[in-house]
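Trainee: Sharing a structure here in structure tokens format.
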Amino acid sequence: MKKFYVEGHEPSLLPDNMNFKLIWSDEFDGTELDTTKWDYRLHIMGKRHKTFQPDGVKLDGNSNAVFSIYEKDGEICSSQIQTGYNFMDAPHTEEALFGGGGGEPGLVWPIGKLNEHKFLHKYGYYECRCKLQKHAGWWSAFWLQAPAIGSSLNPEYSGIENDIMESFEPGKVIPHTNHYNGYGVDHKHVSTGGNIDISLDEYHTFGMLWTPDGYTFYVDGKQDGETITTPVSHVPQFILLSTEVNGYRSSTHTATDEAREAAKLGDTFIVDYVRVFDCIE
């Protein structure tokens with residue numbers, strides 16, 4: 001790998017034998033999240049999720065975005081931020097009848113108001129430098145998603161979810177996984193690399209090189225798997241940094257005891273930067 005220096009910040013670790021140009025980044029300078037770049041993800045599959053909250057990310061004044069797990073209104077909450085939106089998350093109302101409100105009752109358009117994306121991009125190198133959470137009970141991720149993922153059975157043109165980094169247990173990073181064809185009966189996925197131990201007291205970099213031919217993943221400047229025989233998205237996608245509390249996707253829909261303990265301990269997931277590079281000749 002080779003280093004790319006950003007003044008006043010830690011360098012990126014970029015793949016060798018290629019040239020790159022920085023085209024988008026957030027160094028998380030200042031004291032307020034830049035809402036021209038990010039929005040909070042509050043809905044999932046058209047429904048407001050009670051634990052996805054818009055107040056769990058704070059900038060610490062030292063160029064870090066700090067994600068917290070915390071109690072709010074009796075629930076254990078955390079936050080997700082994104083540079084765009086997938087169409088499935090938009091909540092609908094019963095008034096959204098086919099034909100603009102005057103159509104036949106029961107014909108409800110299942111997609112709510114769509115938002116303009118803040119940043120979409122296709123191909124290039126996507127990198128995040130972060131320090132993982134230290135306690136069980138919640139998880140963190142750095143990933144990309146296509147706005148219309150699953151809208152067809154051709155992921156080249158409806159897009160893919162690229163999980164560059166996911167940590168479900170302290171110090172553990174699972175395989176990098178691409179999901180496509182939606183999240184229902186047509187869902188498919190392919191995984192590579194991962195299953196590695198990560199020190200919790202240090203920052204680590206996670207990257208993905210996305211080309212028209214495939215995906216290559218990197219951890220701390222070293223290649224950690226590739227997918228070159230599976231579908232590749234050829235549409236612009238958006239970036240997500242997310243945390244989620246264990247227990248709410250179970251049948252009880254309540255936080256686990258571990259999650260409540262992590263909240264009491266004030267656990268955090270810390271992101272130093274996110275950068276996107278174009279490959280150039």
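Chain labels run A, B, ... following the order of the structure tokens; each chain numbers its residues from 1, and ligands are numbered from 1 in the order shown.
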Quick one: everything within 10 Å of Leu153 (chain A), counting only C-alpha atoms, minus sequence neighbours fewer than 3 positions away in the same chain. Send it as number ranges by chain.
Mentor: A: 149-150, 156-159, 180-182, 186-187
Trainee: Please build the interface table for region 99-175 of chain A against region 14-17 of chain A with a cut-off of 12 Å, listing for each qualifying residue the nearest atom pair and the distance in Å to one decimal; count only C-alpha atoms, order rows by chain and increasing number, and write it as a tab-separated table.
Mentor:
residue	atom	partner	partner_atom	distance
A:Gly124	CA	A:Leu14	CA	10.9
A:Tyr125	CA	A:Leu14	CA	7.9
A:Tyr126	CA	A:Leu14	CA	9.7
A:Glu127	CA	A:Leu14	CA	8.8
A:Cys128	CA	A:Leu14	CA	11.6
Trainee: Excluding His43 (chain A) and its own-chain neighbours fewer than 3 positions away, which residues fall within 7 Å of it when counting only C-alpha atoms? Please give them as an NGL selection string.
Mentor: :A and (46-49 or 89-90)
Trainee: Could you turn the residues from that selection into a file that holds C-alpha atoms, as a PDB file, in the first residue's frame?
Mentor:
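Listed below is the output, again_28.pdb:
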ATOM      1  CA  GLY A  46     -40.699   1.791   5.632  1.00  0.00           C
ATOM      2  CA  LYS A  47     -41.051   1.887   9.406  1.00  0.00           C
ATOM      3  CA  ARG A  48     -39.700   4.254  12.026  1.00  0.00           C
ATOM      4  CA  HIS A  49     -37.272   2.292  14.171  1.00  0.00           C
ATOM      5  CA  ASP A  89     -36.800   2.778   3.928  1.00  0.00           C
ATOM      6  CA  ALA A  90     -39.113   5.668   2.987  1.00  0.00           C
TER       7      ALA A  90
END
Trainee: Counting only C-alpha atoms, which residue out of A:Tyr5, A:Tyr70, A:Phe52, A:Tyr248 sits closest to Ala262 (chain A)?
Mentor: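 That would be A:Tyr70, the residue with the smallest distance to Ala262 (chain A).
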Trainee: Between A:Met208, A:Cys130, A:Val276, A:Ala136, which is the closest to Asn246 (chain A) once you count only C-alpha atoms?
Mentor: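 Counting only C-alpha atoms, the residue closest to Asn246 (chain A) is A:Ala136.
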Trainee: Would you please work out which residue, of A:Glu161, A:Asp267, A:Asp60, A:Glu281, is nearest to Ser233 (chain A) when using only C-alpha atoms?
Mentor: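 The shortest atom-to-atom distance to Ser233 (chain A) comes from A:Glu161.
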Trainee: Residues near Asp39 (chain A), anyone? I mean within 12 Å using only C-alpha atoms, not counting same-chain ones fewer than 5 positions away, as a PDB file with N, CA and C atoms, in the first residue's frame.
Mentor:
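The result, written out as out-v5.pdb:
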ATOM      1  N   LEU A  33     -21.880  17.704  13.301  1.00  0.00           N
ATOM      2  CA  LEU A  33     -21.939  16.841  12.137  1.00  0.00           C
ATOM      3  C   LEU A  33     -22.336  17.666  10.919  1.00  0.00           C
ATOM      4  N   ASP A  34     -21.639  17.473   9.800  1.00  0.00           N
ATOM      5  CA  ASP A  34     -21.903  18.217   8.570  1.00  0.00           C
ATOM      6  C   ASP A  34     -23.137  17.630   7.877  1.00  0.00           C
ATOM      7  N   GLN A  53     -31.818   6.775  16.404  1.00  0.00           N
ATOM      8  CA  GLN A  53     -32.075   8.121  16.899  1.00  0.00           C
ATOM      9  C   GLN A  53     -31.129   9.149  16.273  1.00  0.00           C
ATOM     10  N   PRO A  54     -31.580  10.417  16.167  1.00  0.00           N
ATOM     11  CA  PRO A  54     -30.787  11.457  15.506  1.00  0.00           C
ATOM     12  C   PRO A  54     -29.897  12.254  16.458  1.00  0.00           C
ATOM     13  N   ASP A  55     -29.489  11.640  17.557  1.00  0.00           N
ATOM     14  CA  ASP A  55     -28.668  12.397  18.506  1.00  0.00           C
ATOM     15  C   ASP A  55     -27.541  11.564  19.095  1.00  0.00           C
ATOM     16  N   VAL A  57     -24.584  10.795  17.559  1.00  0.00           N
ATOM     17  CA  VAL A  57     -23.275  11.042  16.955  1.00  0.00           C
ATOM     18  C   VAL A  57     -22.818  12.450  17.337  1.00  0.00           C
ATOM     19  N   SER A  79     -27.125   5.360  16.740  1.00  0.00           N
ATOM     20  CA  SER A  79     -27.411   6.127  15.523  1.00  0.00           C
ATOM     21  C   SER A  79     -26.750   5.533  14.297  1.00  0.00           C
ATOM     22  N   GLN A  80     -27.355   5.858  13.138  1.00  0.00           N
ATOM     23  CA  GLN A  80     -26.812   5.517  11.829  1.00  0.00           C
ATOM     24  C   GLN A  80     -26.828   6.783  10.982  1.00  0.00           C
ATOM     25  N   ILE A  81     -25.749   7.018  10.242  1.00  0.00           N
ATOM     26  CA  ILE A  81     -25.727   8.160   9.331  1.00  0.00           C
ATOM     27  C   ILE A  81     -25.431   7.673   7.919  1.00  0.00           C
ATOM     28  N   GLN A  82     -25.934   8.423   6.934  1.00  0.00           N
ATOM     29  CA  GLN A  82     -25.828   7.995   5.547  1.00  0.00           C
ATOM     30  C   GLN A  82     -25.756   9.203   4.628  1.00  0.00           C
ATOM     31  N   THR A  83     -25.152   8.987   3.450  1.00  0.00           N
ATOM     32  CA  THR A  83     -25.045  10.072   2.465  1.00  0.00           C
ATOM     33  C   THR A  83     -26.141   9.980   1.405  1.00  0.00           C
ATOM     34  N   GLY A  84     -27.021   9.020   1.525  1.00  0.00           N
ATOM     35  CA  GLY A  84     -28.132   8.850   0.592  1.00  0.00           C
ATOM     36  C   GLY A  84     -29.191   7.990   1.232  1.00  0.00           C
ATOM     37  N   TYR A  85     -30.116   7.486   0.407  1.00  0.00           N
ATOM     38  CA  TYR A  85     -31.275   6.779   0.941  1.00  0.00           C
ATOM     39  C   TYR A  85     -31.650   5.624   0.022  1.00  0.00           C
ATOM     40  N   ASN A 115     -36.116  11.303  -0.829  1.00  0.00           N
ATOM     41  CA  ASN A 115     -35.229  12.433  -0.562  1.00  0.00           C
ATOM     42  C   ASN A 115     -34.131  12.534  -1.609  1.00  0.00           C
ATOM     43  N   GLU A 116     -33.662  13.745  -1.820  1.00  0.00           N
ATOM     44  CA  GLU A 116     -32.503  13.947  -2.673  1.00  0.00           C
ATOM     45  C   GLU A 116     -31.256  13.434  -1.956  1.00  0.00           C
ATOM     46  N   HIS A 117     -30.434  12.707  -2.658  1.00  0.00           N
ATOM     47  CA  HIS A 117     -29.213  12.163  -2.062  1.00  0.00           C
ATOM     48  C   HIS A 117     -28.180  13.267  -1.834  1.00  0.00           C
ATOM     49  N   LYS A 118     -27.349  13.070  -0.826  1.00  0.00           N
ATOM     50  CA  LYS A 118     -26.289  14.029  -0.528  1.00  0.00           C
ATOM     51  C   LYS A 118     -24.991  13.672  -1.249  1.00  0.00           C
ATOM     52  N   PHE A 119     -24.720  12.365  -1.377  1.00  0.00           N
ATOM     53  CA  PHE A 119     -23.534  11.934  -2.117  1.00  0.00           C
ATOM     54  C   PHE A 119     -23.744  10.511  -2.606  1.00  0.00           C
ATOM     55  N   PHE A 238     -24.491   4.954  -2.083  1.00  0.00           N
ATOM     56  CA  PHE A 238     -24.225   5.894  -0.995  1.00  0.00           C
ATOM     57  C   PHE A 238     -23.534   5.183   0.156  1.00  0.00           C
ATOM     58  N   ILE A 239     -22.987   5.979   1.073  1.00  0.00           N
ATOM     59  CA  ILE A 239     -22.177   5.490   2.186  1.00  0.00           C
ATOM     60  C   ILE A 239     -22.994   5.511   3.468  1.00  0.00           C
ATOM     61  N   LEU A 240     -22.784   4.497   4.293  1.00  0.00           N
ATOM     62  CA  LEU A 240     -23.388   4.464   5.624  1.00  0.00           C
ATOM     63  C   LEU A 240     -22.339   4.145   6.682  1.00  0.00           C
ATOM     64  N   LEU A 241     -22.467   4.808   7.817  1.00  0.00           N
ATOM     65  CA  LEU A 241     -21.785   4.453   9.056  1.00  0.00           C
ATOM     66  C   LEU A 241     -22.891   4.135  10.048  1.00  0.00           C
ATOM     67  N   SER A 242     -22.904   2.930  10.559  1.00  0.00           N
ATOM     68  CA  SER A 242     -24.057   2.568  11.380  1.00  0.00           C
ATOM     69  C   SER A 242     -23.660   1.816  12.631  1.00  0.00           C
TER      70      SER A 242
END
Trainee: Apply DSSP to the backbone of this structure and, from region 150-245 of chain A, keep only the residues in alpha helix (DSSP H); write these as a list in words.
Mentor: Pro155, Glu156, Tyr157 and Ser158 of chain A
Trainee: Next, the residues of the selection above should be written as a PDB file, in the first residue's frame with N, CA and C atoms.
Mentor:
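Saved as again_15.pdb:
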ATOM      1  N   PRO A 155     -28.527  -7.205 -10.355  1.00  0.00           N
ATOM      2  CA  PRO A 155     -27.821  -6.301  -9.438  1.00  0.00           C
ATOM      3  C   PRO A 155     -26.844  -5.364 -10.116  1.00  0.00           C
ATOM      4  N   GLU A 156     -26.500  -5.636 -11.376  1.00  0.00           N
ATOM      5  CA  GLU A 156     -25.631  -4.702 -12.076  1.00  0.00           C
ATOM      6  C   GLU A 156     -26.306  -3.338 -12.203  1.00  0.00           C
ATOM      7  N   TYR A 157     -27.639  -3.343 -12.305  1.00  0.00           N
ATOM      8  CA  TYR A 157     -28.361  -2.089 -12.530  1.00  0.00           C
ATOM      9  C   TYR A 157     -29.325  -1.718 -11.408  1.00  0.00           C
ATOM     10  N   SER A 158     -29.548  -2.609 -10.453  1.00  0.00           N
ATOM     11  CA  SER A 158     -30.303  -2.224  -9.266  1.00  0.00           C
ATOM     12  C   SER A 158     -29.411  -2.107  -8.042  1.00  0.00           C
TER      13      SER A 158
END
Trainee: Go ahead and compute the interatomic distance for CA of Pro231 (chain A) and CA of Ile160 (chain A), in Å to one decimal.
Mentor: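 Separation of CA of Pro231 (chain A) and CA of Ile160 (chain A): 8.4 Å.
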Trainee: Which distance in Å separates CA of Glu32 (chain A) and CA of Gly56 (chain A), to one decimal?
Mentor: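 Computing it gives 12.0 Å between the two atoms.
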Trainee: Provide the CA of Ile44 (chain A) to CA of Asn86 (chain A) distance in Å, to one decimal place.
Mentor: 9.4 Å
Trainee: I'd like to know which of A:Ser25, A:Thr243, A:Ser78, A:Ser251 is closest to Leu132 (chain A), using only C-alpha atoms.
Mentor: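 Closest to Leu132 (chain A), using only C-alpha atoms: A:Thr243.
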Trainee: Give me the residues near Glu75 (chain A) as a PyMOL selection string, where near means some atom within 8 Å (using only C-alpha atoms) and where sequence neighbours in that chain fewer than 3 positions away do not count.
Mentor: chain A and resi 50-51+71-72+254-255
Trainee: Please produce an output containing C-alpha atoms for each residue in the selection, written as a compact mmCIF listing (two decimals), in the first residue's frame.
Mentor:
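Saved to selection_35.txt:
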# COMPACT_ATOMS: atom_id res chain seq x y z
CA LYS A 50 -37.60 3.33 17.79
CA THR A 51 -33.90 2.91 18.53
CA GLU A 71 -30.78 4.98 27.07
CA LYS A 72 -33.58 7.21 25.82
CA THR A 254 -36.05 -5.36 23.46
CA ALA A 255 -32.42 -4.62 24.18
Trainee: Could you check the closest approach to Asn64 (chain A) for each of A:Val219, A:Met45, A:Ile270, A:Leu120 and tell me which residue wins, using only C-alpha atoms?
Mentor: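 Closest candidate: A:Ile270.
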Trainee: Out of region 63-262 of chain A, which residues get strand (DSSP E or B) from DSSP, as a PDB file with C-alpha atoms, in the first residue's frame?
Mentor:
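Saved result, selection19.pdb, follows:
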ATOM      1  CA  ALA A  65     -17.222  11.331  15.043  1.00  0.00           C
ATOM      2  CA  VAL A  66     -18.212   9.528  18.241  1.00  0.00           C
ATOM      3  CA  PHE A  67     -21.132   7.081  18.063  1.00  0.00           C
ATOM      4  CA  SER A  68     -22.707   6.244  21.419  1.00  0.00           C
ATOM      5  CA  TYR A  70     -27.380   5.172  25.399  1.00  0.00           C
ATOM      6  CA  GLU A  71     -30.775   4.982  27.075  1.00  0.00           C
ATOM      7  CA  LYS A  72     -33.583   7.207  25.824  1.00  0.00           C
ATOM      8  CA  GLU A  75     -35.025   2.156  25.175  1.00  0.00           C
ATOM      9  CA  ILE A  76     -31.351   1.504  24.396  1.00  0.00           C
ATOM     10  CA  CYS A  77     -30.529   3.548  21.315  1.00  0.00           C
ATOM     11  CA  SER A  78     -27.746   4.379  18.879  1.00  0.00           C
ATOM     12  CA  GLN A  80     -26.812   5.517  11.829  1.00  0.00           C
ATOM     13  CA  ILE A  81     -25.727   8.160   9.331  1.00  0.00           C
ATOM     14  CA  GLN A  82     -25.828   7.995   5.547  1.00  0.00           C
ATOM     15  CA  LEU A  97     -53.451   5.898  -2.873  1.00  0.00           C
ATOM     16  CA  VAL A 108     -51.552   2.087  -1.690  1.00  0.00           C
ATOM     17  CA  HIS A 121     -20.675   7.611  -6.385  1.00  0.00           C
ATOM     18  CA  GLY A 124     -13.230   3.970  -6.749  1.00  0.00           C
ATOM     19  CA  TYR A 125     -11.653   3.338  -3.364  1.00  0.00           C
ATOM     20  CA  TYR A 126     -13.756   3.774  -0.202  1.00  0.00           C
ATOM     21  CA  GLU A 127     -11.955   4.000   3.124  1.00  0.00           C
ATOM     22  CA  CYS A 128     -12.814   4.492   6.781  1.00  0.00           C
ATOM     23  CA  ARG A 129     -10.458   4.828   9.751  1.00  0.00           C
ATOM     24  CA  CYS A 130     -12.113   3.943  13.023  1.00  0.00           C
ATOM     25  CA  LYS A 131     -11.816   2.520  16.523  1.00  0.00           C
ATOM     26  CA  TRP A 138     -24.265  -3.525  19.871  1.00  0.00           C
ATOM     27  CA  TRP A 139     -22.492  -3.580  16.542  1.00  0.00           C
ATOM     28  CA  SER A 140     -20.865  -1.209  14.068  1.00  0.00           C
ATOM     29  CA  ALA A 141     -20.509  -1.127  10.286  1.00  0.00           C
ATOM     30  CA  PHE A 142     -19.081   0.802   7.331  1.00  0.00           C
ATOM     31  CA  TRP A 143     -20.937  -0.017   4.124  1.00  0.00           C
ATOM     32  CA  LEU A 144     -22.395   1.079   0.801  1.00  0.00           C
ATOM     33  CA  GLN A 145     -25.903   0.583  -0.515  1.00  0.00           C
ATOM     34  CA  GLU A 161     -25.022  -3.723  -0.505  1.00  0.00           C
ATOM     35  CA  ASN A 162     -21.263  -3.781   0.163  1.00  0.00           C
ATOM     36  CA  ASP A 163     -20.409  -4.497   3.801  1.00  0.00           C
ATOM     37  CA  ILE A 164     -16.833  -3.291   4.023  1.00  0.00           C
ATOM     38  CA  MET A 165     -16.600  -3.617   7.800  1.00  0.00           C
ATOM     39  CA  GLU A 166     -18.991  -5.201  10.280  1.00  0.00           C
ATOM     40  CA  SER A 167     -18.145  -5.913  13.903  1.00  0.00           C
ATOM     41  CA  GLU A 169     -18.483  -8.761  18.771  1.00  0.00           C
ATOM     42  CA  LYS A 172     -14.034  -9.356  15.798  1.00  0.00           C
ATOM     43  CA  VAL A 173     -14.569  -8.355  12.162  1.00  0.00           C
ATOM     44  CA  HIS A 176     -16.775  -8.625   3.921  1.00  0.00           C
ATOM     45  CA  THR A 177     -20.114  -9.391   2.283  1.00  0.00           C
ATOM     46  CA  ASN A 178     -21.993  -8.265  -0.814  1.00  0.00           C
ATOM     47  CA  HIS A 179     -25.790  -8.616  -0.675  1.00  0.00           C
ATOM     48  CA  TYR A 180     -27.974  -8.324  -3.763  1.00  0.00           C
ATOM     49  CA  LYS A 188     -28.239 -13.628  -2.448  1.00  0.00           C
ATOM     50  CA  HIS A 189     -24.862 -12.841  -0.944  1.00  0.00           C
ATOM     51  CA  VAL A 190     -21.177 -13.631  -1.267  1.00  0.00           C
ATOM     52  CA  SER A 191     -18.489 -13.195   1.377  1.00  0.00           C
ATOM     53  CA  THR A 192     -14.709 -13.011   1.426  1.00  0.00           C
ATOM     54  CA  ILE A 196     -10.015 -11.487  11.939  1.00  0.00           C
ATOM     55  CA  ASP A 197      -9.182 -10.199  15.410  1.00  0.00           C
ATOM     56  CA  HIS A 204      -7.854   0.628  12.023  1.00  0.00           C
ATOM     57  CA  THR A 205      -8.514   1.324   8.354  1.00  0.00           C
ATOM     58  CA  PHE A 206     -11.042  -0.575   6.275  1.00  0.00           C
ATOM     59  CA  GLY A 207     -11.187  -0.097   2.526  1.00  0.00           C
ATOM     60  CA  MET A 208     -12.824  -1.413  -0.628  1.00  0.00           C
ATOM     61  CA  LEU A 209     -11.624  -0.999  -4.191  1.00  0.00           C
ATOM     62  CA  TRP A 210     -14.649  -1.088  -6.511  1.00  0.00           C
ATOM     63  CA  THR A 211     -13.946  -1.445 -10.222  1.00  0.00           C
ATOM     64  CA  GLY A 214     -15.052  -6.642  -9.035  1.00  0.00           C
ATOM     65  CA  TYR A 215     -14.345  -5.727  -5.422  1.00  0.00           C
ATOM     66  CA  THR A 216     -11.153  -5.992  -3.365  1.00  0.00           C
ATOM     67  CA  PHE A 217     -11.174  -5.447   0.400  1.00  0.00           C
ATOM     68  CA  TYR A 218      -8.407  -4.162   2.660  1.00  0.00           C
ATOM     69  CA  VAL A 219      -7.771  -4.046   6.394  1.00  0.00           C
ATOM     70  CA  LYS A 222      -3.396  -5.305   3.552  1.00  0.00           C
ATOM     71  CA  GLN A 223      -5.612  -7.100   1.067  1.00  0.00           C
ATOM     72  CA  ASP A 224      -8.241  -9.190   2.815  1.00  0.00           C
ATOM     73  CA  GLY A 225     -10.237 -10.900   0.098  1.00  0.00           C
ATOM     74  CA  GLU A 226     -11.808 -10.129  -3.254  1.00  0.00           C
ATOM     75  CA  THR A 227     -14.942 -10.959  -5.224  1.00  0.00           C
ATOM     76  CA  GLN A 237     -24.276   4.111  -4.345  1.00  0.00           C
ATOM     77  CA  PHE A 238     -24.225   5.894  -0.995  1.00  0.00           C
ATOM     78  CA  ILE A 239     -22.177   5.490   2.186  1.00  0.00           C
ATOM     79  CA  LEU A 240     -23.388   4.464   5.624  1.00  0.00           C
ATOM     80  CA  LEU A 241     -21.785   4.453   9.056  1.00  0.00           C
ATOM     81  CA  SER A 242     -24.057   2.568  11.380  1.00  0.00           C
ATOM     82  CA  THR A 243     -24.437   1.175  14.847  1.00  0.00           C
ATOM     83  CA  GLU A 244     -27.307  -0.969  16.058  1.00  0.00           C
ATOM     84  CA  VAL A 245     -28.400  -2.342  19.416  1.00  0.00           C
TER      85      VAL A 245
END
Trainee: Considering only C-alpha atoms, can you say which of A:Leu13, A:Leu200, A:Val6, A:Ile69 comes closest to Ala263 (chain A)?
Mentor: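 Distance minimum relative to Ala263 (chain A) lands on A:Ile69.
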Trainee: Write out as a JSON list (two decimals) with C-alpha atoms, in the first residue's frame which residues come within 8 Å of Thr31 (chain A) when counting only C-alpha atoms, dropping same-chain ones fewer than 4 positions away.
Mentor:
[["chain", "number", "residue", "atom", "x", "y", "z"],
["A", 58, "LYS", "CA", -21.13, 13.84, 18.37],
["A", 59, "LEU", "CA", -17.95, 15.42, 17.04],
["A", 60, "ASP", "CA", -15.33, 15.57, 19.78],
["A", 61, "GLY", "CA", -13.38, 18.57, 18.48]]
